[in-house]
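K.L.:
Once you've had a glance at the structure underneath, I'll fire off some questions.
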Amino acid sequence: MGIPNETIQENLAGRTRGNVSDGAPTRILALLLLLTVAPVSSAFSLTALLNGDVWWHLRTGIWIFQNHAVPHSGLFSQYVDRTWVDGSWGFDVLTAGAYKLLGLRAFAVLLMGFKLALAAVTFVLARGRSGRFWCAVLLSAIAQYVITDLVLRPNLFSILFFGVELFLLLQSRRSSDVSSLLWLPVLFFLWANLHGQFLMGLLLLGLYVAAEGTEFLLRISGVDSIPPPSHSLAKVLAIAGLSVVATLFTPYLFNLYPSALETTYSKVLFDDFQEMQAMAFRRPQDFVLMLLVMAAFLALGRQRSRDLFKIGAMVIFTMFAFRVQRDLWCAVLPAIAVIADAVADCQSEPKRQKSEQLSKWEKPLVAVLVLVVFLVAILRLASNPVLLNRTSRAFPVKACDYIRANQLPGPLFNTYYWGGFLMWYLPEYPVSIDGRLNLYGAEINERYFKVTGGNQRFETEPSFVGARIILLERNSAMIKALTTLPALRDQFRVAYQDDVATVLVRQ
């Protein structure tokens with residue numbers, strides 16, 4: 001006696017539902033760990049407080065709130081007459097607003113939020129919403145491991161927006177629909193007001209337009225290997241044009257472009273900052289990145305891919321990543337997207353994809369659990385006085401208190417790394433240098449680094465010659481020279497010294 005087909009189908013359906021239910025706790029736990037481990041660990045490592053640049057962003061944001069305007073000159077600097085384009089003014093306002101609400105804990109909370117967003121973007125970019133859950137979890141975890149040493153800077157927006165842009169572009173090519181591209185002008189409007197590396201996003205968009213245009217020309221030339229048109233080239237060009245125009249809707253209009261280029265890729269950065277050097281392969285993350293990129297190119301090769309956009313993005317941004325350590329993320333994000341697409345093409349079992357897909361009730365549950373974990377972490381953050389005390393291990397808090405209490409007469413000559421902190425904590429003393437590269441320009445920055453590095457005489461630096469207060473790291477080479485060399489030691493006396501800083505006063 002045979003078994004009815006309806007019974008067999010019901011049993012199979014029941015088994016499928018049972019498998020989905022049985023795997024739910026594991027998926028929820030995996031996704032919870034993926035979204036919370038990196039953000040929460042950064043909250044208690046104090047990395048957000050030890051970044052020298054975030055302080056001048058905070059001070060500038062406070063000034064914007066107070067004056068209801070964006071700056072156009074060198075505020076809180078001895079070069080107040082110089083023109084300054086604050087390309088990250090949106091980040092400044094965000095930082096100042098969070099500080100008004102949370103105090104110094106705002107730095108940790110913002111960094112947690114950025115890392116959570118990075119985990120979510122990489123998970124979605126790896127097609128975690130399309131039923132390839134475990135592959136997406138693995139690729140997102142690898143991406144978070146490689147994109148390490150994140151500090152609270154506006155370039156975090158560039159990483160996130162680059163990932164979102166890449167997702168929209170790939171989604172458009174997969175679906176043969178330009179509707180996802182309509183978000184690009186909005187994205188670039190926000191990006192241009194938050195960080196200068198929107199130029200990297202324009203490069204990615206240019207590669208997309210070039211790929212679409214090349215494929216269009218090859219198709220009309222009769223090349224059969226090119227796939228049929230996905231959407232209208234005219235619509236793509238129109239949206240790309242609107243995206244470029246959207247970057248001009250900032251307080252600085254066309255002046256934003258040269259400023260953004262100088263801020264992100266100036267010669268001073270390449271000469272004096274380790275993060276701008278080529279990858280040295282001295283960290284495990286460097287080798288993981290190399291393997292990830294190799295896997296992406298292997299996936300393209302095994303697929304015999306003729307997708308000019310993927311190939312172009314992998315080639316161009318791999319060159320960027322291996323040339324500039326700071327920008328390694330621009331190769332990581334395309335790599336995980338290419339690998340995820342290759343895995344999706346290999347999977348021909350819809351039941352397996354369904355068994356890995358998050359159900360409707362799992363997504364809100366994970367969101368609630370992530371919120372609970374974040375609230376607990378925020379409540380356990382230290383108070384403002386404790387955080388300021390911890391900050392004094394890296395910044396001259398006590399030395400600034402001494403200068404303010406004794407009303408030492410300026411001007412002040414300070415170390416580059418402390419310039420942003422002094423703008424926030426000691427604003428009554430204009431700084432001689434800080435992290436605003438496009439304010440000081442190549443000449444002032446290069447001269448400062450040569451003088452403090454011992455490659456040029458002190459007398460060639462005007463801010464040092466006119467300074468009456470010298471505030472530098474206690475063990476810096478310049479402090480040793482000023483206190484030991486016979487020609488210099490009689491000009492200064494040590495007014496204050498602790499484990500972090502030394503304050504010299506000109507005799």
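Naming works like this for the structure tokens: A, B, ... for the chains as they're shown, residue 1 at the start of each chain, ligands 1 onward in shown order.
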Just the residues within 12 Å of A:Arg283, please, counting only C-alpha atoms, with nothing from its chain fewer than 6 positions along; format it as an mmCIF file with C-alpha atoms, in the first residue's frame.
P.N.:
```cif
data_model
loop_
_atom_site.group_PDB
_atom_site.id
_atom_site.type_symbol
_atom_site.label_atom_id
_atom_site.label_comp_id
_atom_site.auth_asym_id
_atom_site.auth_seq_id
_atom_site.Cartn_x
_atom_site.Cartn_y
_atom_site.Cartn_z
ATOM 1 C CA TYR A 145 39.832 41.127 11.734
ATOM 2 C CA VAL A 146 41.713 42.642 8.797
ATOM 3 C CA THR A 148 41.817 46.578 12.570
ATOM 4 C CA ASP A 149 43.170 49.478 14.639
ATOM 5 C CA LEU A 289 44.411 40.354 3.559
ATOM 6 C CA MET A 290 46.746 38.898 0.952
ATOM 7 C CA GLN A 325 48.106 50.711 4.889
#
```
K.L.:
As an MDAnalysis selection string, please: every residue in stretch 72-282 of chain A that a backbone DSSP assignment puts in alpha helix (DSSP H).
P.N.:
chainID A and resid 89:102 105:125 133:146 155:175 184:192 198:220 233:246 256:265 267:272
K.L.:
Let's have the selection written as a CSV table (one decimal), in the first residue's frame, with C-alpha atoms.
P.N.:
```csv
chain,number,residue,atom,x,y,z
A,89,TRP,CA,32.3,69.4,9.7
A,90,GLY,CA,29.4,67.0,9.9
A,91,PHE,CA,31.6,64.6,11.9
A,92,ASP,CA,32.6,67.5,14.2
A,93,VAL,CA,28.9,68.3,14.9
A,94,LEU,CA,28.1,64.6,15.6
A,95,THR,CA,31.1,64.3,18.0
A,96,ALA,CA,30.2,67.5,19.8
A,97,GLY,CA,26.5,66.6,20.1
A,98,ALA,CA,27.4,63.2,21.5
A,99,TYR,CA,29.8,64.8,23.9
A,100,LYS,CA,27.0,67.2,25.2
A,101,LEU,CA,24.9,64.1,26.0
A,102,LEU,CA,27.4,61.6,27.3
A,105,ARG,CA,31.9,58.4,27.2
A,106,ALA,CA,30.6,59.6,23.9
A,107,PHE,CA,33.9,58.7,22.2
A,108,ALA,CA,33.6,55.0,23.3
A,109,VAL,CA,29.9,55.0,22.3
A,110,LEU,CA,30.5,56.5,18.9
A,111,LEU,CA,33.3,54.0,18.2
A,112,MET,CA,31.0,51.1,19.3
A,113,GLY,CA,28.3,52.4,16.9
A,114,PHE,CA,30.8,52.6,14.0
A,115,LYS,CA,32.1,49.1,14.6
A,116,LEU,CA,28.6,47.7,14.9
A,117,ALA,CA,27.7,49.4,11.5
A,118,LEU,CA,30.9,47.9,10.0
A,119,ALA,CA,29.9,44.4,11.1
A,120,ALA,CA,26.4,44.9,9.7
A,121,VAL,CA,27.6,46.3,6.4
A,122,THR,CA,30.2,43.5,5.8
A,123,PHE,CA,27.6,40.9,6.7
A,124,VAL,CA,25.1,42.3,4.2
A,125,LEU,CA,27.8,42.8,1.6
A,133,PHE,CA,24.4,32.9,6.5
A,134,TRP,CA,27.5,31.0,7.6
A,135,CYS,CA,29.5,32.1,4.6
A,136,ALA,CA,28.5,35.7,5.4
A,137,VAL,CA,29.4,35.3,9.0
A,138,LEU,CA,32.8,34.0,8.1
A,139,LEU,CA,33.6,36.7,5.6
A,140,SER,CA,32.4,39.5,7.9
A,141,ALA,CA,34.5,38.1,10.7
A,142,ILE,CA,37.5,38.1,8.5
A,143,ALA,CA,36.8,41.6,7.3
A,144,GLN,CA,36.6,42.9,10.9
A,145,TYR,CA,39.8,41.1,11.7
A,146,VAL,CA,41.7,42.6,8.8
A,155,ASN,CA,37.3,58.2,7.8
A,156,LEU,CA,35.1,55.6,9.5
A,157,PHE,CA,32.2,57.1,7.5
A,158,SER,CA,34.2,56.5,4.3
A,159,ILE,CA,34.6,52.9,5.1
A,160,LEU,CA,30.9,52.4,5.8
A,161,PHE,CA,29.7,54.5,2.9
A,162,PHE,CA,32.1,52.7,0.5
A,163,GLY,CA,30.6,49.4,1.6
A,164,VAL,CA,27.1,50.7,1.2
A,165,GLU,CA,27.9,52.1,-2.3
A,166,LEU,CA,29.5,48.8,-3.4
A,167,PHE,CA,26.4,46.9,-2.2
A,168,LEU,CA,24.1,49.3,-4.2
A,169,LEU,CA,26.2,49.0,-7.3
A,170,LEU,CA,26.4,45.2,-7.2
A,171,GLN,CA,22.7,44.9,-6.4
A,172,SER,CA,21.9,47.0,-9.4
A,173,ARG,CA,23.9,44.6,-11.7
A,174,ARG,CA,22.4,41.5,-10.1
A,175,SER,CA,18.8,42.8,-10.4
A,184,LEU,CA,23.7,57.2,-4.5
A,185,PRO,CA,23.1,61.0,-4.7
A,186,VAL,CA,21.9,61.0,-1.1
A,187,LEU,CA,24.8,58.9,-0.1
A,188,PHE,CA,27.4,61.2,-1.7
A,189,PHE,CA,25.7,64.3,-0.3
A,190,LEU,CA,26.2,62.9,3.2
A,191,TRP,CA,29.6,61.6,2.4
A,192,ALA,CA,31.0,64.9,1.1
A,198,PHE,CA,34.3,60.6,-0.8
A,199,LEU,CA,36.8,60.8,-3.7
A,200,MET,CA,37.3,57.1,-3.2
A,201,GLY,CA,33.6,56.6,-3.7
A,202,LEU,CA,33.6,58.7,-6.8
A,203,LEU,CA,36.4,56.5,-8.1
A,204,LEU,CA,34.3,53.4,-7.5
A,205,LEU,CA,31.4,55.0,-9.2
A,206,GLY,CA,33.6,55.9,-12.1
A,207,LEU,CA,34.7,52.3,-12.5
A,208,TYR,CA,31.1,51.2,-12.5
A,209,VAL,CA,30.2,53.7,-15.2
A,210,ALA,CA,33.3,52.7,-17.2
A,211,ALA,CA,32.3,49.1,-17.0
A,212,GLU,CA,28.8,49.8,-18.1
A,213,GLY,CA,30.0,51.9,-21.0
A,214,THR,CA,32.6,49.4,-22.1
A,215,GLU,CA,30.1,46.6,-22.0
A,216,PHE,CA,27.6,48.7,-24.0
A,217,LEU,CA,30.2,49.4,-26.7
A,218,LEU,CA,31.2,45.8,-26.9
A,219,ARG,CA,27.6,44.7,-27.3
A,220,ILE,CA,26.9,47.1,-30.1
A,233,LEU,CA,23.3,53.4,-19.9
A,234,ALA,CA,21.7,56.9,-20.1
A,235,LYS,CA,20.0,56.3,-16.7
A,236,VAL,CA,23.3,55.2,-15.2
A,237,LEU,CA,25.1,58.3,-16.5
A,238,ALA,CA,22.3,60.6,-15.2
A,239,ILE,CA,22.5,59.1,-11.7
A,240,ALA,CA,26.3,59.3,-11.7
A,241,GLY,CA,26.1,62.9,-12.7
A,242,LEU,CA,23.6,63.7,-9.9
A,243,SER,CA,26.0,62.0,-7.5
A,244,VAL,CA,28.8,64.2,-8.5
A,245,VAL,CA,26.6,67.3,-8.2
A,246,ALA,CA,25.5,66.2,-4.8
A,256,LEU,CA,36.1,71.1,-1.0
A,257,TYR,CA,37.8,69.1,-3.7
A,258,PRO,CA,41.4,70.4,-3.5
A,259,SER,CA,41.1,70.4,0.3
A,260,ALA,CA,39.9,66.8,0.4
A,261,LEU,CA,42.7,65.7,-1.8
A,262,GLU,CA,45.3,67.5,0.4
A,263,THR,CA,43.8,66.2,3.6
A,264,THR,CA,43.7,62.5,2.6
A,265,TYR,CA,46.7,62.2,0.2
A,267,LYS,CA,52.9,64.6,0.5
A,268,VAL,CA,53.3,65.2,4.2
A,269,LEU,CA,51.2,62.2,5.0
A,270,PHE,CA,53.4,59.9,2.8
A,271,ASP,CA,56.6,61.4,4.2
A,272,ASP,CA,55.9,61.4,8.0
```
K.L.:
In terms of the shortest atom-to-atom distance over only C-alpha atoms, which of A:Asn406, A:Gln78, A:Asn438, A:Asn384 is closest to A:Gly419?
P.N.:
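Comparing A:Asn406, A:Gln78, A:Asn438, A:Asn384 against A:Gly419, the winner is A:Gln78.
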K.L.:
Would you work out the distance separating atom CA of A:Pro396 from atom CA of A:Gly420, expressed in Å to one decimal?
P.N.:
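Atom-to-atom, atom CA of A:Pro396 to atom CA of A:Gly420, that is 11.6 Å.
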K.L.:
Quick one, how far is atom CA of A:Asp434 from atom CA of A:Tyr416?
P.N.:
5.2 Å
